[in-house]
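Structure data follow from entry-v3.cif (mmCIF, C-alpha atoms and all ligand atoms):
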```
data_query
#
loop_
_atom_site.label_atom_id
_atom_site.label_comp_id
_atom_site.auth_asym_id
_atom_site.auth_seq_id
_atom_site.Cartn_x
_atom_site.Cartn_y
_atom_site.Cartn_z
CA MET J 175 32.33 -17.08 -10.71
CA THR J 176 29.75 -19.04 -8.79
CA GLY J 177 26.71 -18.66 -11.06
CA PRO J 178 23.63 -16.60 -10.36
CA MET J 179 22.37 -16.22 -6.82
CA PRO J 180 19.01 -18.00 -6.32
CA LEU J 181 16.09 -15.57 -6.58
CA THR J 182 14.59 -15.27 -3.12
CA LEU J 183 13.11 -12.43 -1.11
CA ALA J 184 16.42 -12.09 0.74
CA SER J 185 18.56 -12.00 -2.39
CA ILE J 186 16.19 -9.57 -4.15
CA ARG J 187 16.52 -7.29 -1.11
CA GLN J 188 20.24 -7.11 -1.83
CA ALA J 189 19.62 -6.01 -5.43
CA PRO J 190 19.73 -2.27 -6.07
CA LYS J 191 16.21 -1.06 -6.87
CA ALA J 192 14.56 2.15 -8.08
CA VAL J 193 10.96 3.13 -7.39
CA LEU J 194 9.16 5.91 -9.24
CA HIS J 195 5.65 5.52 -7.86
CA ASP J 196 5.32 5.37 -4.09
CA HIS J 197 2.85 7.41 -2.03
CA LEU J 198 4.13 8.98 1.18
CA ASP J 199 0.69 8.68 2.79
CA GLY J 200 0.43 5.06 1.64
CA GLY J 201 3.63 3.85 3.27
CA LEU J 202 3.38 4.58 6.98
CA ARG J 203 4.35 2.02 9.58
CA PRO J 204 1.19 0.98 11.49
CA SER J 205 2.98 1.69 14.78
CA THR J 206 3.74 5.23 13.58
CA VAL J 207 0.09 5.82 12.66
CA LEU J 208 -0.86 4.83 16.23
CA GLU J 209 1.81 6.95 17.90
CA LEU J 210 1.18 10.04 15.81
CA ALA J 211 -2.59 9.69 16.33
CA ALA J 212 -2.03 9.64 20.10
CA GLN J 213 0.25 12.68 19.87
CA CYS J 214 -2.11 14.81 17.81
CA GLY J 215 -5.36 13.65 19.42
CA TYR J 216 -6.81 11.87 16.38
CA ASP J 217 -9.30 9.35 17.76
CA GLN J 218 -10.90 7.91 14.60
CA LEU J 219 -8.53 4.98 14.03
CA PRO J 220 -10.37 1.70 13.37
CA ALA J 221 -7.92 -0.40 15.47
CA HIS J 222 -5.68 0.17 18.45
CA ASP J 223 -2.65 -2.07 18.13
CA ALA J 224 -0.14 -2.18 15.30
CA ASP J 225 -1.01 -5.70 14.09
CA SER J 226 -4.75 -5.22 13.85
CA LEU J 227 -4.35 -1.75 12.37
CA GLY J 228 -2.03 -3.11 9.67
CA GLN J 229 -4.57 -5.84 8.97
CA TRP J 230 -7.42 -3.32 8.77
CA PHE J 231 -5.54 -1.33 6.12
CA ARG J 232 -4.91 -4.45 4.06
CA ASP J 233 -8.50 -5.67 4.30
CA ALA J 234 -9.95 -2.30 3.33
CA ALA J 235 -7.54 -2.06 0.41
CA ASP J 236 -8.42 -5.59 -0.72
CA SER J 237 -12.04 -4.65 -1.37
CA GLY J 238 -11.51 -4.41 -5.14
CA SER J 239 -12.74 -0.84 -5.54
CA LEU J 240 -10.51 2.18 -6.06
CA GLU J 241 -12.93 4.38 -4.11
CA ARG J 242 -12.77 2.17 -0.99
CA TYR J 243 -9.03 1.82 -1.40
CA LEU J 244 -8.74 5.61 -1.35
CA GLU J 245 -10.80 5.80 1.89
CA THR J 246 -7.96 4.24 3.86
CA PHE J 247 -5.95 7.41 3.31
CA ALA J 248 -8.24 9.46 5.54
CA HIS J 249 -6.45 7.91 8.53
CA THR J 250 -2.87 8.25 7.34
CA VAL J 251 -3.39 11.80 6.12
CA ALA J 252 -5.02 12.71 9.46
CA VAL J 253 -1.80 12.03 11.36
CA MET J 254 0.35 13.94 8.84
CA GLN J 255 -0.89 17.46 9.66
CA THR J 256 1.93 18.69 11.89
CA PRO J 257 5.62 19.44 11.28
CA GLU J 258 6.60 16.44 13.47
CA GLY J 259 4.13 14.11 11.73
CA LEU J 260 5.27 15.01 8.22
CA ARG J 261 8.93 14.90 9.14
CA ARG J 262 8.73 11.55 10.89
CA VAL J 263 6.71 9.90 8.13
CA ALA J 264 9.12 11.17 5.46
CA ARG J 265 12.18 10.12 7.50
CA GLU J 266 10.83 6.61 8.08
CA CYS J 267 9.82 6.33 4.44
CA ALA J 268 13.41 6.96 3.31
CA LEU J 269 14.72 4.53 5.92
CA ASP J 270 12.24 1.77 5.05
CA LEU J 271 12.90 2.06 1.31
CA ALA J 272 16.67 2.04 1.88
CA ALA J 273 16.44 -1.01 4.16
CA ASP J 274 14.65 -2.78 1.30
CA GLY J 275 17.58 -2.08 -1.04
CA VAL J 276 16.02 0.85 -2.87
CA VAL J 277 18.82 3.16 -4.04
CA TYR J 278 16.63 5.71 -5.80
CA ALA J 279 13.09 6.69 -4.89
CA GLU J 280 10.53 9.21 -6.05
CA VAL J 281 7.93 9.58 -3.32
CA ARG J 282 4.78 11.58 -3.94
CA PHE J 283 2.13 13.19 -1.80
CA ALA J 284 -0.53 15.91 -2.04
CA PRO J 285 0.44 18.97 0.05
CA GLU J 286 -3.12 20.36 -0.20
CA GLN J 287 -4.29 17.50 2.06
CA HIS J 288 -2.00 18.52 4.91
CA LEU J 289 -3.31 21.99 5.74
CA GLU J 290 -5.87 21.03 8.41
CA ARG J 291 -3.79 22.31 11.32
CA GLY J 292 -2.68 25.58 9.87
CA LEU J 293 0.49 24.74 7.93
CA SER J 294 0.99 26.54 4.61
CA LEU J 295 1.69 24.62 1.41
CA ASP J 296 5.33 25.74 1.52
CA GLU J 297 5.69 24.63 5.15
CA VAL J 298 4.20 21.22 4.37
CA VAL J 299 6.78 20.70 1.63
CA GLU J 300 9.66 22.03 3.73
CA HIS J 301 8.95 19.67 6.66
CA THR J 302 8.54 16.71 4.33
CA LEU J 303 11.79 17.41 2.49
CA ALA J 304 13.58 17.80 5.82
CA GLY J 305 12.30 14.36 6.81
CA PHE J 306 13.53 12.78 3.58
CA GLU J 307 16.91 14.40 4.09
CA GLU J 308 17.17 13.10 7.66
CA GLY J 309 16.11 9.63 6.56
CA ALA J 310 18.60 9.56 3.68
CA ALA J 311 21.42 10.67 6.00
CA LEU J 312 20.55 7.97 8.54
CA ALA J 313 20.32 5.38 5.74
CA THR J 314 23.80 6.33 4.52
CA GLU J 315 25.12 5.93 8.08
CA ALA J 316 23.50 2.49 8.17
CA GLY J 317 25.34 1.51 4.98
CA THR J 318 22.29 1.64 2.70
CA PRO J 319 22.59 4.92 0.79
CA ILE J 320 19.47 6.16 -1.01
CA ARG J 321 18.53 9.23 -3.01
CA VAL J 322 14.96 10.37 -2.41
CA ILE J 323 13.14 12.87 -4.62
CA CYS J 324 9.69 14.21 -3.85
CA LEU J 325 6.85 14.59 -6.36
CA LEU J 326 3.96 16.91 -5.58
CA THR J 327 0.49 15.63 -6.34
CA ALA J 328 -2.69 17.62 -6.90
CA MET J 329 -6.03 15.93 -6.19
CA ARG J 330 -7.94 15.55 -9.44
CA HIS J 331 -11.36 16.28 -7.89
CA ALA J 332 -10.11 19.56 -6.38
CA ALA J 333 -9.16 22.83 -8.04
CA ARG J 334 -5.70 23.57 -6.69
CA SER J 335 -3.61 21.94 -9.38
CA LEU J 336 -2.08 25.14 -10.76
CA GLU J 337 -1.08 26.19 -7.25
CA ILE J 338 0.54 22.79 -6.66
CA ALA J 339 2.34 22.94 -10.01
CA GLU J 340 3.72 26.35 -9.00
CA LEU J 341 4.78 24.87 -5.66
CA ALA J 342 6.59 22.05 -7.45
CA VAL J 343 8.51 24.51 -9.62
CA ARG J 344 9.30 26.71 -6.61
CA PHE J 345 10.92 23.72 -4.85
CA ARG J 346 12.52 22.16 -7.93
CA ASP J 347 16.08 22.81 -6.76
CA ARG J 348 15.36 21.71 -3.20
CA GLY J 349 14.30 18.10 -3.68
CA VAL J 350 11.04 18.23 -5.63
CA GLY J 351 11.31 16.44 -8.97
CA GLY J 352 7.93 16.92 -10.56
CA PHE J 353 4.15 17.11 -10.49
CA ASP J 354 1.35 14.55 -10.59
CA ILE J 355 -2.41 14.34 -10.32
CA ALA J 356 -4.14 11.55 -8.39
CA GLY J 357 -7.49 10.50 -6.95
CA ALA J 358 -10.62 8.97 -8.43
CA GLU J 359 -10.28 8.97 -12.22
CA ALA J 360 -13.87 8.63 -13.40
CA GLY J 361 -15.41 12.06 -13.99
CA TYR J 362 -12.15 13.91 -13.43
CA PRO J 363 -10.19 13.72 -16.68
CA PRO J 364 -6.60 15.00 -16.76
CA SER J 365 -7.61 17.76 -19.20
CA ARG J 366 -9.51 19.40 -16.30
CA HIS J 367 -6.07 20.49 -15.07
CA LEU J 368 -4.63 21.71 -18.36
CA ASP J 369 -3.44 25.02 -16.95
CA ALA J 370 -1.26 23.18 -14.42
CA PHE J 371 0.29 20.94 -17.06
CA GLU J 372 0.88 23.94 -19.33
CA TYR J 373 2.58 25.72 -16.46
CA MET J 374 4.86 22.74 -15.90
CA ARG J 375 5.70 22.51 -19.59
CA ALA J 376 6.35 26.24 -19.81
CA ASN J 377 8.88 25.77 -17.00
CA CYS J 378 10.48 22.69 -18.56
CA ALA J 379 9.45 20.73 -15.46
CA HIS J 380 8.49 17.07 -15.17
CA VAL J 381 5.00 15.62 -15.08
CA THR J 382 3.58 12.19 -14.38
CA ILE J 383 -0.16 11.54 -14.39
CA HIS J 384 -2.20 8.80 -12.73
CA ALA J 385 -4.08 7.54 -15.78
CA GLY J 386 -5.44 4.27 -17.07
CA GLU J 387 -5.80 2.70 -13.64
CA ALA J 388 -9.53 2.57 -12.88
CA PHE J 389 -10.49 4.30 -16.10
CA GLY J 390 -9.69 3.31 -19.64
CA LEU J 391 -7.96 4.56 -22.70
CA PRO J 392 -9.50 8.09 -22.94
CA SER J 393 -7.72 9.01 -19.72
CA ILE J 394 -4.35 7.81 -21.10
CA HIS J 395 -5.00 9.57 -24.39
CA GLU J 396 -5.65 12.88 -22.62
CA ALA J 397 -2.61 12.45 -20.37
CA VAL J 398 -0.19 11.94 -23.26
CA ALA J 399 -1.84 13.98 -26.03
CA PHE J 400 -3.30 17.00 -24.19
CA CYS J 401 -1.28 17.14 -20.99
CA GLY J 402 2.08 16.04 -22.39
CA CYS J 403 3.00 13.83 -19.45
CA ASP J 404 6.55 12.47 -19.23
CA ARG J 405 5.34 9.27 -17.53
CA LEU J 406 2.09 7.43 -16.90
CA GLY J 407 1.08 6.47 -13.37
CA HIS J 408 -0.06 2.86 -13.87
CA GLY J 409 -1.29 3.12 -17.46
CA VAL J 410 -2.29 -0.57 -17.33
CA ARG J 411 -5.37 0.11 -19.41
CA ILE J 412 -3.12 0.84 -22.38
CA THR J 413 -4.05 -2.77 -23.14
CA ASP J 414 -7.46 -1.42 -24.26
CA ASP J 415 -5.53 -0.22 -27.30
CA ILE J 416 -3.83 -3.55 -27.96
CA SER J 417 -5.87 -6.16 -29.84
CA ASP J 418 -5.18 -9.86 -30.26
CA SER J 419 -2.79 -9.69 -27.36
CA GLU J 420 -2.66 -13.50 -27.06
CA THR J 421 -1.78 -14.26 -30.65
CA GLU J 422 -0.36 -11.42 -32.71
CA PRO J 423 -0.66 -8.18 -30.74
CA ARG J 424 -1.69 -5.13 -32.75
CA LEU J 425 -1.23 -1.67 -31.29
CA GLY J 426 -3.59 1.25 -31.84
CA GLN J 427 -2.42 4.86 -32.15
CA VAL J 428 -2.23 5.66 -28.46
CA ALA J 429 -0.38 2.48 -27.55
CA ASN J 430 2.02 3.01 -30.44
CA TYR J 431 2.67 6.58 -29.36
CA VAL J 432 3.34 5.58 -25.76
CA ARG J 433 5.78 2.89 -26.89
CA ASP J 434 7.43 5.00 -29.63
CA MET J 435 7.98 7.93 -27.28
CA ARG J 436 9.30 5.55 -24.59
CA ILE J 437 6.75 6.97 -22.13
CA PRO J 438 7.42 4.95 -18.96
CA LEU J 439 4.60 2.97 -17.39
CA GLU J 440 4.69 3.09 -13.60
CA LEU J 441 3.15 -0.34 -13.04
CA CYS J 442 2.24 -1.36 -9.50
CA PRO J 443 1.39 -5.08 -9.62
CA SER J 444 -0.18 -5.65 -6.16
CA SER J 445 -2.02 -2.36 -6.14
CA ASN J 446 -3.36 -2.90 -9.67
CA VAL J 447 -4.93 -6.18 -8.50
CA GLN J 448 -6.26 -4.66 -5.26
CA THR J 449 -7.99 -1.75 -6.97
CA GLY J 450 -9.48 -4.05 -9.57
CA ALA J 451 -7.51 -2.49 -12.46
CA VAL J 452 -6.54 -6.07 -13.36
CA PRO J 453 -8.30 -9.27 -12.19
CA SER J 454 -5.22 -11.12 -10.88
CA LEU J 455 -1.45 -11.09 -10.97
CA GLU J 456 -1.49 -13.89 -13.55
CA LYS J 457 -3.66 -11.71 -15.79
CA HIS J 458 -1.58 -8.56 -15.19
CA PRO J 459 -0.40 -7.18 -18.55
CA PHE J 460 3.06 -6.51 -17.10
CA ASP J 461 4.64 -9.35 -19.04
CA LEU J 462 2.76 -8.60 -22.28
CA LEU J 463 3.87 -4.97 -22.08
CA ALA J 464 7.44 -6.00 -21.25
CA ARG J 465 7.54 -8.39 -24.22
CA LEU J 466 6.15 -5.66 -26.49
CA ARG J 467 9.06 -3.55 -25.25
CA PHE J 468 7.07 -0.81 -23.57
CA ARG J 469 9.20 0.92 -20.97
CA VAL J 470 7.80 -0.94 -17.97
CA THR J 471 8.82 -0.19 -14.40
CA VAL J 472 8.01 -1.96 -11.12
CA ASN J 473 6.53 0.09 -8.30
CA THR J 474 4.97 -0.22 -4.86
CA ASP J 475 2.22 2.44 -4.94
CA ASN J 476 1.12 2.04 -1.30
CA ARG J 477 3.31 -0.18 0.83
CA LEU J 478 1.04 -0.07 3.88
CA MET J 479 -2.25 -0.81 2.09
CA SER J 480 -0.73 -3.49 -0.13
CA ASP J 481 1.51 -4.91 2.61
CA THR J 482 4.42 -4.78 0.20
CA ASP J 483 7.77 -3.30 -0.73
CA MET J 484 9.90 -3.30 -3.88
CA SER J 485 11.47 -6.69 -3.13
CA ARG J 486 8.10 -8.34 -2.65
CA GLU J 487 6.71 -6.78 -5.83
CA MET J 488 9.70 -8.10 -7.76
CA LEU J 489 9.43 -11.54 -6.18
CA LYS J 490 5.75 -11.72 -7.18
CA LEU J 491 6.70 -10.94 -10.77
CA VAL J 492 9.47 -13.55 -10.68
CA GLU J 493 7.02 -16.17 -9.37
CA THR J 494 4.29 -15.24 -11.84
CA PHE J 495 6.29 -14.66 -15.02
CA ASP J 496 9.47 -16.60 -14.35
CA TYR J 497 11.76 -13.60 -14.60
CA GLY J 498 15.48 -13.80 -13.89
CA TRP J 499 18.06 -11.32 -12.58
CA SER J 500 18.64 -9.79 -16.01
CA ASP J 501 14.91 -9.00 -16.29
CA LEU J 502 14.88 -7.35 -12.86
CA GLU J 503 17.98 -5.39 -13.83
CA ARG J 504 16.30 -4.24 -17.05
CA PHE J 505 13.17 -3.06 -15.19
CA THR J 506 15.38 -1.22 -12.70
CA ILE J 507 17.40 0.48 -15.45
CA ASN J 508 14.09 1.36 -17.16
CA ALA J 509 13.05 3.13 -13.97
CA MET J 510 16.36 4.89 -13.55
CA LYS J 511 16.35 6.09 -17.17
CA SER J 512 12.90 7.56 -16.51
CA ALA J 513 13.80 9.32 -13.26
CA PHE J 514 13.10 13.03 -12.80
CA ILE J 515 16.71 13.91 -11.96
CA PRO J 516 19.41 15.24 -14.30
CA PHE J 517 20.68 12.84 -16.95
CA PRO J 518 24.26 12.58 -15.60
CA ASP J 519 22.88 11.65 -12.15
CA ARG J 520 20.74 8.89 -13.68
CA LEU J 521 23.71 7.51 -15.58
CA ARG J 522 25.89 7.56 -12.50
CA ILE J 523 23.39 5.50 -10.50
CA ILE J 524 22.99 3.05 -13.40
CA ASP J 525 26.72 2.64 -14.02
CA GLU J 526 28.04 2.83 -10.48
CA VAL J 527 25.27 1.24 -8.43
CA ILE J 528 22.75 -0.75 -10.44
CA LYS J 529 24.97 -2.55 -12.96
CA PRO J 530 27.67 -3.55 -10.44
CA GLY J 531 24.96 -4.65 -7.97
CA TYR J 532 23.32 -6.99 -10.47
CA ALA J 533 26.68 -8.23 -11.74
CA VAL J 534 27.35 -9.61 -8.25
CA LEU J 535 23.97 -11.34 -8.13
CA LEU J 536 24.36 -12.75 -11.63
CA GLY J 537 27.62 -14.38 -10.49
ZN ZN F 601 -0.54 5.90 -7.20
#
```
Just dump the structure as structure tokens.
Amino acid sequence: MTGPMPLTLASIRQAPKAVLHDHLDGGLRPSTVLELAAQCGYDQLPAHDADSLGQWFRDAADSGSLERYLETFAHTVAVMQTPEGLRRVARECALDLAADGVVYAEVRFAPEQHLERGLSLDEVVEHTLAGFEEGAALATEAGTPIRVICLLTAMRHAARSLEIAELAVRFRDRGVGGFDIAGAEAGYPPSRHLDAFEYMRANCAHVTIHAGEAFGLPSIHEAVAFCGCDRLGHGVRITDDISDSETEPRLGQVANYVRDMRIPLELCPSSNVQTGAVPSLEKHPFDLLARLRFRVTVNTDNRLMSDTDMSREMLKLVETFDYGWSDLERFTINAMKSAFIPFPDRLRIIDEVIKPGYAVLLG
């Protein structure tokens, strides 16, 4: 026994991690965006070398508005319209996550945004799943095994959510774990897509909903009470239902329900600051929610736009809230318990990968 390993970016990279909220179109390598754009003839990129393009994405995402943040996706989505583009982006996503020490990942994207060059919804999903499979196989060869599950997202301003829910159920045994809605929250409440959520529930299939990011409590209330979501994407604004949070926190009905039902919160620290959902990392309610024993999880959201990965998100939390290895292990087990894969598979990853991995780091 040598005592716990010091908490550094390098040591956190060695820790087994699980991510539940990561967008495929938010995690491209800048060099891949450039190469795919050249291949498919997309000439709208705002920069022409990998460094300045990466910087452009970060600057645009730093603007503090969710709407401007979402604009950056026009460029990544534009180069993901072909079989090769989808496959390569998915393959590299699996490889990049695995190289960061992620052992389990749920990566989401919106198939309806990838039809510009004639692919069908089913083809979009097939090529993407093939890319994840290739990436996972290469990661195993490299000694960093990872399991990647895909979540299908419907855009909340559009009207294809039922179709996407059906697509998710159709591919449920081939690598798709569940269904989500995303996009600008204001004006597009989750209940607008009730038929899709009812379809998922009728098929005993999993649902997570982006709610309580830019918009407040009503969105979270609808997501849990009307749409029956299994998890909340972000959900940071659950704090609107917690009073006296500094002194003696008191929970309202919605916050109580979310905590009682152990509805996981897919918190994304860097992204939550960038989109203005919280004013700063120091003021992020992550620690308050963790202390109140909500089921908090750490996530990346968009690695390209936030210039981040799971290790860096965890390091930021360590630096801000003074967490130790046992905290990081707890957040990771929280995520794994909340995964959209069968219960025995979750347990196996917890018992055989996560716990032994942290035991080594704890010394
Ligand atoms: Zn998201």
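Every protein, DNA or RNA residue with an atom at most 10 Å from J:Asn473, where all atoms listed in the file count and chain neighbours fewer than 4 positions away do not, is listed here: Lys191, Ala192, Val193, Leu194, His195, Asp196, Ala279, Gly407, His408, Leu439, Glu440, Leu441, Cys442, Pro443, Ser444, Ser445, Arg477, Asp483, Met484, Ser485, Glu487, Met488, Thr506 and Ala509 of chain J.
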Just give me the residues with any atom within 8 Å of (-0.1, 12.3, 11.2), file coordinates, counting all atoms listed in the file, written as a ChimeraX atom specification. /J:207,210-211,214,250-256,259-260,263
For atom CA of J:Ser185 and atom CA of J:Asn476, determine how far apart the two atoms are, in Å to one decimal place. 22.4 Å
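Distances from J:Leu244, J:Ala212, J:Leu293, J:Ile186 to ligand ZN 601 (chain F) were compared using all atoms listed in the file, and the smallest one belongs to J:Leu244.
Shortest atom-to-atom contact with J:Ile528 among J:Gln427, J:Phe247, J:Val277, J:Ala342: J:Val277, counting only C-alpha atoms.
Comparing the minimum interatomic distances between ligand ZN 601 (chain F) and each of J:Arg334, J:His384, J:Arg433, J:Arg291, counting all atoms listed in the file, we find that J:His384 sits nearest.
For the choices J:Cys403, J:Glu315, J:Val470, J:Asp475, the atom-to-atom distance to ligand ZN 601 (chain F) is smallest for J:Asp475 when using all atoms listed in the file.
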Let me make sure I understand: among J:Leu312, J:Ala451, J:Ile507, J:Leu521, which one has the smallest atom-to-atom distance to J:Asp270 if we use all atoms listed in the file? J:Leu312
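From atom CA of J:Met435 back to atom CA of J:Glu340, the distance works out to 26.3 Å.
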Show me, as a ChimeraX atom specification, the residues that have an atom within 8 Å of J:Leu303 when counting all atoms listed in the file, minus same-chain residues fewer than 2 positions from it. /J:261,264,299-301,305-307,324,348-349
Put those residues in a file: C-alpha atoms, as a PDB file, in the coordinates of the input.
```
ATOM      1  CA  ARG J 261       8.930  14.900   9.140  1.00  0.00           C
ATOM      2  CA  ALA J 264       9.120  11.170   5.460  1.00  0.00           C
ATOM      3  CA  VAL J 299       6.780  20.700   1.630  1.00  0.00           C
ATOM      4  CA  GLU J 300       9.660  22.030   3.730  1.00  0.00           C
ATOM      5  CA  HIS J 301       8.950  19.670   6.660  1.00  0.00           C
ATOM      6  CA  GLY J 305      12.300  14.360   6.810  1.00  0.00           C
ATOM      7  CA  PHE J 306      13.530  12.780   3.580  1.00  0.00           C
ATOM      8  CA  GLU J 307      16.910  14.400   4.090  1.00  0.00           C
ATOM      9  CA  CYS J 324       9.690  14.210  -3.850  1.00  0.00           C
ATOM     10  CA  ARG J 348      15.360  21.710  -3.200  1.00  0.00           C
ATOM     11  CA  GLY J 349      14.300  18.100  -3.680  1.00  0.00           C
TER      12      GLY J 349
END
```
Between atom CA of J:Ile437 and atom CA of J:Gly200 lies a distance of 24.7 Å
Since the input has fewer atoms than a full residue there, write stretch 379-394 of chain J out with N, CA, C and O atoms, as a JSON list (two decimals), keeping the file's coordinate frame.
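Output (result_35.json):
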```
[["chain", "number", "residue", "atom", "x", "y", "z"],
["J", 379, "ALA", "N", 9.46, 21.56, -16.68],
["J", 379, "ALA", "CA", 9.45, 20.73, -15.46],
["J", 379, "ALA", "C", 8.69, 19.43, -15.73],
["J", 379, "ALA", "O", 7.89, 19.35, -16.64],
["J", 380, "HIS", "N", 8.98, 18.43, -14.89],
["J", 380, "HIS", "CA", 8.49, 17.07, -15.17],
["J", 380, "HIS", "C", 7.07, 16.79, -14.66],
["J", 380, "HIS", "O", 6.69, 17.27, -13.59],
["J", 381, "VAL", "N", 6.38, 15.96, -15.41],
["J", 381, "VAL", "CA", 5.00, 15.62, -15.08],
["J", 381, "VAL", "C", 4.76, 14.12, -15.24],
["J", 381, "VAL", "O", 5.16, 13.51, -16.23],
["J", 382, "THR", "N", 4.12, 13.54, -14.23],
["J", 382, "THR", "CA", 3.58, 12.19, -14.38],
["J", 382, "THR", "C", 2.11, 12.29, -14.02],
["J", 382, "THR", "O", 1.70, 13.17, -13.26],
["J", 383, "ILE", "N", 1.28, 11.45, -14.62],
["J", 383, "ILE", "CA", -0.16, 11.54, -14.39],
["J", 383, "ILE", "C", -0.71, 10.15, -14.09],
["J", 383, "ILE", "O", -0.47, 9.21, -14.85],
["J", 384, "HIS", "N", -1.46, 10.03, -12.98],
["J", 384, "HIS", "CA", -2.20, 8.80, -12.73],
["J", 384, "HIS", "C", -3.24, 8.68, -13.84],
["J", 384, "HIS", "O", -4.18, 9.48, -13.90],
["J", 385, "ALA", "N", -3.11, 7.70, -14.69],
["J", 385, "ALA", "CA", -4.08, 7.54, -15.78],
["J", 385, "ALA", "C", -4.12, 6.10, -16.22],
["J", 385, "ALA", "O", -3.10, 5.41, -16.25],
["J", 386, "GLY", "N", -5.31, 5.64, -16.59],
["J", 386, "GLY", "CA", -5.44, 4.27, -17.07],
["J", 386, "GLY", "C", -5.30, 3.25, -15.96],
["J", 386, "GLY", "O", -4.80, 2.16, -16.15],
["J", 387, "GLU", "N", -5.80, 3.63, -14.76],
["J", 387, "GLU", "CA", -5.80, 2.70, -13.64],
["J", 387, "GLU", "C", -7.22, 2.16, -13.52],
["J", 387, "GLU", "O", -7.51, 1.03, -13.88],
["J", 388, "ALA", "N", -8.14, 3.01, -13.00],
["J", 388, "ALA", "CA", -9.53, 2.57, -12.88],
["J", 388, "ALA", "C", -10.28, 2.86, -14.18],
["J", 388, "ALA", "O", -11.29, 2.24, -14.47],
["J", 389, "PHE", "N", -9.78, 3.80, -14.93],
["J", 389, "PHE", "CA", -10.49, 4.30, -16.10],
["J", 389, "PHE", "C", -9.69, 3.93, -17.33],
["J", 389, "PHE", "O", -8.49, 3.72, -17.26],
["J", 390, "GLY", "N", -10.34, 3.87, -18.46],
["J", 390, "GLY", "CA", -9.69, 3.31, -19.64],
["J", 390, "GLY", "C", -8.86, 4.25, -20.48],
["J", 390, "GLY", "O", -8.29, 5.23, -20.01],
["J", 391, "LEU", "N", -8.84, 3.92, -21.73],
["J", 391, "LEU", "CA", -7.96, 4.56, -22.70],
["J", 391, "LEU", "C", -8.13, 6.08, -22.83],
["J", 391, "LEU", "O", -7.12, 6.78, -22.98],
["J", 392, "PRO", "N", -9.37, 6.63, -22.76],
["J", 392, "PRO", "CA", -9.50, 8.09, -22.94],
["J", 392, "PRO", "C", -8.63, 8.87, -21.96],
["J", 392, "PRO", "O", -8.07, 9.92, -22.31],
["J", 393, "SER", "N", -8.51, 8.35, -20.74],
["J", 393, "SER", "CA", -7.72, 9.01, -19.72],
["J", 393, "SER", "C", -6.23, 9.02, -20.12],
["J", 393, "SER", "O", -5.52, 10.03, -19.97],
["J", 394, "ILE", "N", -5.75, 7.90, -20.65],
["J", 394, "ILE", "CA", -4.35, 7.81, -21.10],
["J", 394, "ILE", "C", -4.14, 8.73, -22.30],
["J", 394, "ILE", "O", -3.14, 9.45, -22.38]]
```
